[in-house]
file run_0.csv (CSV, N, CA and C atoms)
chain,number,residue,atom,x,y,z
X,151,MET,N,132.7,69.0,101.2
X,151,MET,CA,131.5,68.2,101.6
X,151,MET,C,131.0,68.8,102.9
X,152,LEU,N,129.7,69.1,103.0
X,152,LEU,CA,129.1,69.6,104.2
X,152,LEU,C,128.7,68.5,105.2
X,153,LYS,N,128.7,68.8,106.5
X,153,LYS,CA,128.3,67.8,107.5
X,153,LYS,C,127.1,68.4,108.2
X,154,VAL,N,126.1,67.6,108.4
X,154,VAL,CA,124.9,68.0,109.1
X,154,VAL,C,124.6,66.9,110.1
X,155,ALA,N,124.5,67.2,111.3
X,155,ALA,CA,124.2,66.3,112.4
X,155,ALA,C,125.0,65.0,112.2
X,156,SER,N,126.3,65.1,112.0
X,156,SER,CA,127.2,64.0,111.8
X,156,SER,C,126.9,63.2,110.5
X,157,THR,N,126.1,63.6,109.7
X,157,THR,CA,125.8,63.0,108.4
X,157,THR,C,126.4,63.8,107.3
X,158,PRO,N,127.5,63.3,106.6
X,158,PRO,CA,128.1,64.1,105.5
X,158,PRO,C,127.1,64.2,104.3
X,159,LEU,N,127.1,65.4,103.8
X,159,LEU,CA,126.3,65.6,102.6
X,159,LEU,C,127.2,65.8,101.4
X,160,SER,N,126.9,65.1,100.3
X,160,SER,CA,127.7,65.3,99.1
X,160,SER,C,127.3,66.6,98.5
X,161,ASN,N,128.1,67.1,97.6
X,161,ASN,CA,127.7,68.4,96.9
X,161,ASN,C,126.4,68.2,96.2
X,162,GLU,N,126.1,67.1,95.6
X,162,GLU,CA,124.9,66.8,94.9
X,162,GLU,C,123.7,66.9,95.9
X,163,ASP,N,123.8,66.3,97.1
X,163,ASP,CA,122.8,66.3,98.1
X,163,ASP,C,122.5,67.7,98.6
X,164,ALA,N,123.6,68.4,98.8
X,164,ALA,CA,123.5,69.8,99.3
X,164,ALA,C,122.7,70.7,98.2
X,165,LEU,N,123.0,70.5,97.0
X,165,LEU,CA,122.3,71.2,95.9
X,165,LEU,C,120.8,70.8,95.9
X,166,LEU,N,120.5,69.5,96.1
X,166,LEU,CA,119.1,69.0,96.1
X,166,LEU,C,118.4,69.7,97.3
X,167,LEU,N,119.1,69.7,98.5
X,167,LEU,CA,118.4,70.3,99.6
X,167,LEU,C,118.1,71.8,99.3
X,168,ASP,N,119.1,72.5,98.8
X,168,ASP,CA,118.8,73.9,98.4
X,168,ASP,C,117.7,74.1,97.4
X,169,PHE,N,117.6,73.2,96.5
X,169,PHE,CA,116.5,73.2,95.5
X,169,PHE,C,115.1,72.9,96.2
X,170,LEU,N,115.1,72.0,97.1
X,170,LEU,CA,113.8,71.5,97.7
X,170,LEU,C,113.2,72.4,98.7
X,171,ILE,N,114.1,73.1,99.5
X,171,ILE,CA,113.6,73.9,100.6
X,171,ILE,C,112.7,75.0,100.1
X,172,GLY,N,111.5,75.1,100.7
X,172,GLY,CA,110.5,76.1,100.3
X,172,GLY,C,109.5,75.6,99.3
X,173,LYS,N,109.8,74.5,98.6
X,173,LYS,CA,108.9,73.9,97.6
X,173,LYS,C,107.7,73.3,98.3
X,174,THR,N,106.6,73.1,97.6
X,174,THR,CA,105.4,72.4,98.1
X,174,THR,C,105.2,71.2,97.3
X,175,LEU,N,104.9,70.1,98.0
X,175,LEU,CA,104.6,68.8,97.3
X,175,LEU,C,103.3,68.8,96.5
X,176,ASN,N,103.4,68.3,95.3
X,176,ASN,CA,102.3,68.2,94.4
X,176,ASN,C,101.5,66.9,94.6
X,177,ASP,N,102.1,65.9,95.3
X,177,ASP,CA,101.6,64.6,95.5
X,177,ASP,C,102.0,64.1,96.9
X,178,ASP,N,101.2,63.1,97.4
X,178,ASP,CA,101.6,62.4,98.6
X,178,ASP,C,102.9,61.7,98.3
X,179,VAL,N,103.8,61.6,99.3
X,179,VAL,CA,105.1,61.0,99.1
X,179,VAL,C,105.3,60.0,100.2
X,180,ALA,N,105.8,58.8,99.9
X,180,ALA,CA,106.1,57.8,100.9
X,180,ALA,C,107.2,56.9,100.3
X,181,ASN,N,108.1,56.5,101.1
X,181,ASN,CA,109.1,55.5,100.6
X,181,ASN,C,108.6,54.1,100.7
X,182,ALA,N,109.3,53.2,100.2
X,182,ALA,CA,108.8,51.8,100.1
X,182,ALA,C,108.4,51.2,101.4
X,183,ASP,N,109.0,51.5,102.5
X,183,ASP,CA,108.7,50.8,103.7
X,183,ASP,C,107.9,51.7,104.7
X,184,ASP,N,107.4,52.9,104.1
X,184,ASP,CA,106.6,53.8,104.8
X,184,ASP,C,107.2,54.4,106.1
X,185,THR,N,108.5,54.4,106.2
X,185,THR,CA,109.2,55.0,107.3
X,185,THR,C,109.3,56.6,107.1
X,186,PHE,N,109.0,57.0,105.8
X,186,PHE,CA,109.0,58.4,105.5
X,186,PHE,C,107.8,58.7,104.6
X,187,ALA,N,106.9,59.6,105.1
X,187,ALA,CA,105.7,59.9,104.3
X,187,ALA,C,105.3,61.3,104.6
X,188,LEU,N,104.9,62.0,103.5
X,188,LEU,CA,104.4,63.4,103.6
X,188,LEU,C,103.1,63.5,102.7
X,189,PRO,N,102.2,64.3,103.2
X,189,PRO,CA,101.0,64.5,102.4
X,189,PRO,C,101.2,65.6,101.3
X,190,LYS,N,100.4,65.6,100.3
X,190,LYS,CA,100.4,66.6,99.3
X,190,LYS,C,100.2,67.9,100.0
X,191,GLY,N,100.8,69.0,99.5
X,191,GLY,CA,100.7,70.3,100.0
X,191,GLY,C,101.7,70.7,101.1
X,192,THR,N,102.5,69.7,101.5
X,192,THR,CA,103.5,70.0,102.6
X,192,THR,C,104.6,70.9,102.0
X,193,GLU,N,105.0,71.9,102.7
X,193,GLU,CA,106.1,72.8,102.3
X,193,GLU,C,107.4,72.2,102.9
X,194,ILE,N,108.3,72.0,102.1
X,194,ILE,CA,109.6,71.3,102.5
X,194,ILE,C,110.5,72.3,103.2
X,195,THR,N,110.8,71.9,104.4
X,195,THR,CA,111.8,72.6,105.2
X,195,THR,C,113.1,71.9,105.2
X,196,ARG,N,114.1,72.5,105.8
X,196,ARG,CA,115.5,71.9,105.8
X,196,ARG,C,115.4,70.6,106.6
X,197,GLU,N,114.6,70.6,107.7
X,197,GLU,CA,114.5,69.4,108.6
X,197,GLU,C,113.8,68.3,107.8
X,198,ILE,N,112.8,68.6,107.0
X,198,ILE,CA,112.1,67.5,106.2
X,198,ILE,C,113.1,67.0,105.2
X,199,ALA,N,113.8,67.9,104.5
X,199,ALA,CA,114.8,67.4,103.5
X,199,ALA,C,115.9,66.6,104.1
X,200,LEU,N,116.4,66.9,105.2
X,200,LEU,CA,117.4,66.1,105.9
X,200,LEU,C,116.8,64.7,106.3
X,201,ASP,N,115.6,64.7,106.8
X,201,ASP,CA,114.9,63.5,107.1
X,201,ASP,C,114.7,62.6,105.9
X,202,ALA,N,114.3,63.2,104.8
X,202,ALA,CA,114.2,62.5,103.5
X,202,ALA,C,115.5,61.9,103.1
X,203,LYS,N,116.6,62.6,103.3
X,203,LYS,CA,118.0,62.1,103.0
X,203,LYS,C,118.2,60.9,103.8
X,204,LYS,N,117.9,61.0,105.1
X,204,LYS,CA,118.2,59.8,106.0
X,204,LYS,C,117.4,58.6,105.6
X,205,HIS,N,116.3,58.8,105.0
X,205,HIS,CA,115.4,57.6,104.5
X,205,HIS,C,115.6,57.4,103.0
X,206,ASP,N,116.6,57.9,102.4
X,206,ASP,CA,116.9,57.7,101.0
X,206,ASP,C,115.7,58.1,100.1
X,207,ALA,N,115.0,59.3,100.5
X,207,ALA,CA,113.8,59.7,99.8
X,207,ALA,C,114.0,61.1,99.1
X,208,LEU,N,115.2,61.6,99.0
X,208,LEU,CA,115.4,62.9,98.3
X,208,LEU,C,114.9,62.9,96.9
X,209,LEU,N,115.1,61.8,96.2
X,209,LEU,CA,114.6,61.7,94.8
X,209,LEU,C,113.1,61.7,94.7
X,210,LEU,N,112.5,61.1,95.7
X,210,LEU,CA,111.0,61.1,95.7
X,210,LEU,C,110.5,62.5,95.9
X,211,LEU,N,111.1,63.3,96.8
X,211,LEU,CA,110.7,64.7,97.0
X,211,LEU,C,110.9,65.5,95.7
X,212,THR,N,112.1,65.3,95.1
X,212,THR,CA,112.5,66.0,93.9
X,212,THR,C,111.4,65.8,92.7
X,213,MET,N,111.0,64.5,92.6
X,213,MET,CA,110.0,64.2,91.6
X,213,MET,C,108.6,64.7,91.9
X,214,SER,N,108.4,65.2,93.1
X,214,SER,CA,107.0,65.6,93.6
X,214,SER,C,106.8,67.1,93.7
X,215,VAL,N,107.8,67.9,93.2
X,215,VAL,CA,107.7,69.3,93.3
X,215,VAL,C,107.9,69.9,91.9
X,216,ASP,N,107.4,71.2,91.7
X,216,ASP,CA,107.7,71.8,90.5
X,216,ASP,C,108.9,72.6,90.5
call {"tool": "encode", "arguments": {"input": "run_0.csv", "output": "structure tokens"}}
result
Amino acid sequence: MLKVASTPLSNEDALLLDFLIGKTLNDDVANADDTFALPKGTEITREIALDAKKHDALLLLTMSVD
């Protein structure tokens, strides 16, 4: 298990991060309470992916890229 900024990443989360980094969003993305939001066209960086994980939004990102 990887640790990033004292937040442990499961193997599944680490694979999702690897998949997402460098991808571009096809749609606007926001979680239910709007604490995490990104506009269409945003290129996903490691920092963005880790922030998404913190806000339980990795699945939202995954569903919004090709």
call {"tool": "closest_residue", "arguments": {"input": "run_0.csv", "among": "X:Ser160, X:Phe186, X:Leu165, X:Asn176", "to": "Asp201 of chain X", "atoms": "only N, CA and C atoms"}}
result
X:Phe186
call {"tool": "closest_residue", "arguments": {"input": "run_0.csv", "among": "X:Leu175, X:Leu159, X:Ala180, X:Ala164", "to": "Ala207 of chain X", "atoms": "all atoms listed in the file"}}
result
X:Ala180
call {"tool": "select_by_dssp", "arguments": {"input": "run_0.csv", "residues": "chain X", "states": "strand (DSSP E)", "output": "PyMOL selection string"}}
result
chain X and resi 152-154+157-159+179-180+187-188
call {"tool": "residues_around", "arguments": {"input": "run_0.csv", "residues": "Gly172 of chain X", "least_positions_apart": "4", "cutoff": "8 Å", "atoms": "only C-alpha atoms", "output": "NGL selection string"}}
result
:X and (193-195)
call {"tool": "write_last_selection", "arguments": {"input": "run_0.csv", "atoms": "N, CA and C atoms", "output": "short mmCIF file (atom, residue, chain, number, x, y, z; two decimals), in the coordinates of the input"}}
result
data_model
loop_
_atom_site.label_atom_id
_atom_site.label_comp_id
_atom_site.auth_asym_id
_atom_site.auth_seq_id
_atom_site.Cartn_x
_atom_site.Cartn_y
_atom_site.Cartn_z
N GLU X 193 105.00 71.90 102.70
CA GLU X 193 106.10 72.80 102.30
C GLU X 193 107.40 72.20 102.90
N ILE X 194 108.30 72.00 102.10
CA ILE X 194 109.60 71.30 102.50
C ILE X 194 110.50 72.30 103.20
N THR X 195 110.80 71.90 104.40
CA THR X 195 111.80 72.60 105.20
C THR X 195 113.10 71.90 105.20
#
call {"tool": "atom_distance", "arguments": {"input": "run_0.csv", "atom1": "atom C of Lys190 of chain X", "atom2": "atom CA of Glu162 of chain X"}}
result
25.2 Å
call {"tool": "atom_distance", "arguments": {"input": "run_0.csv", "atom1": "atom N of Met213 of chain X", "atom2": "atom N of Glu197 of chain X"}}
result
16.7 Å
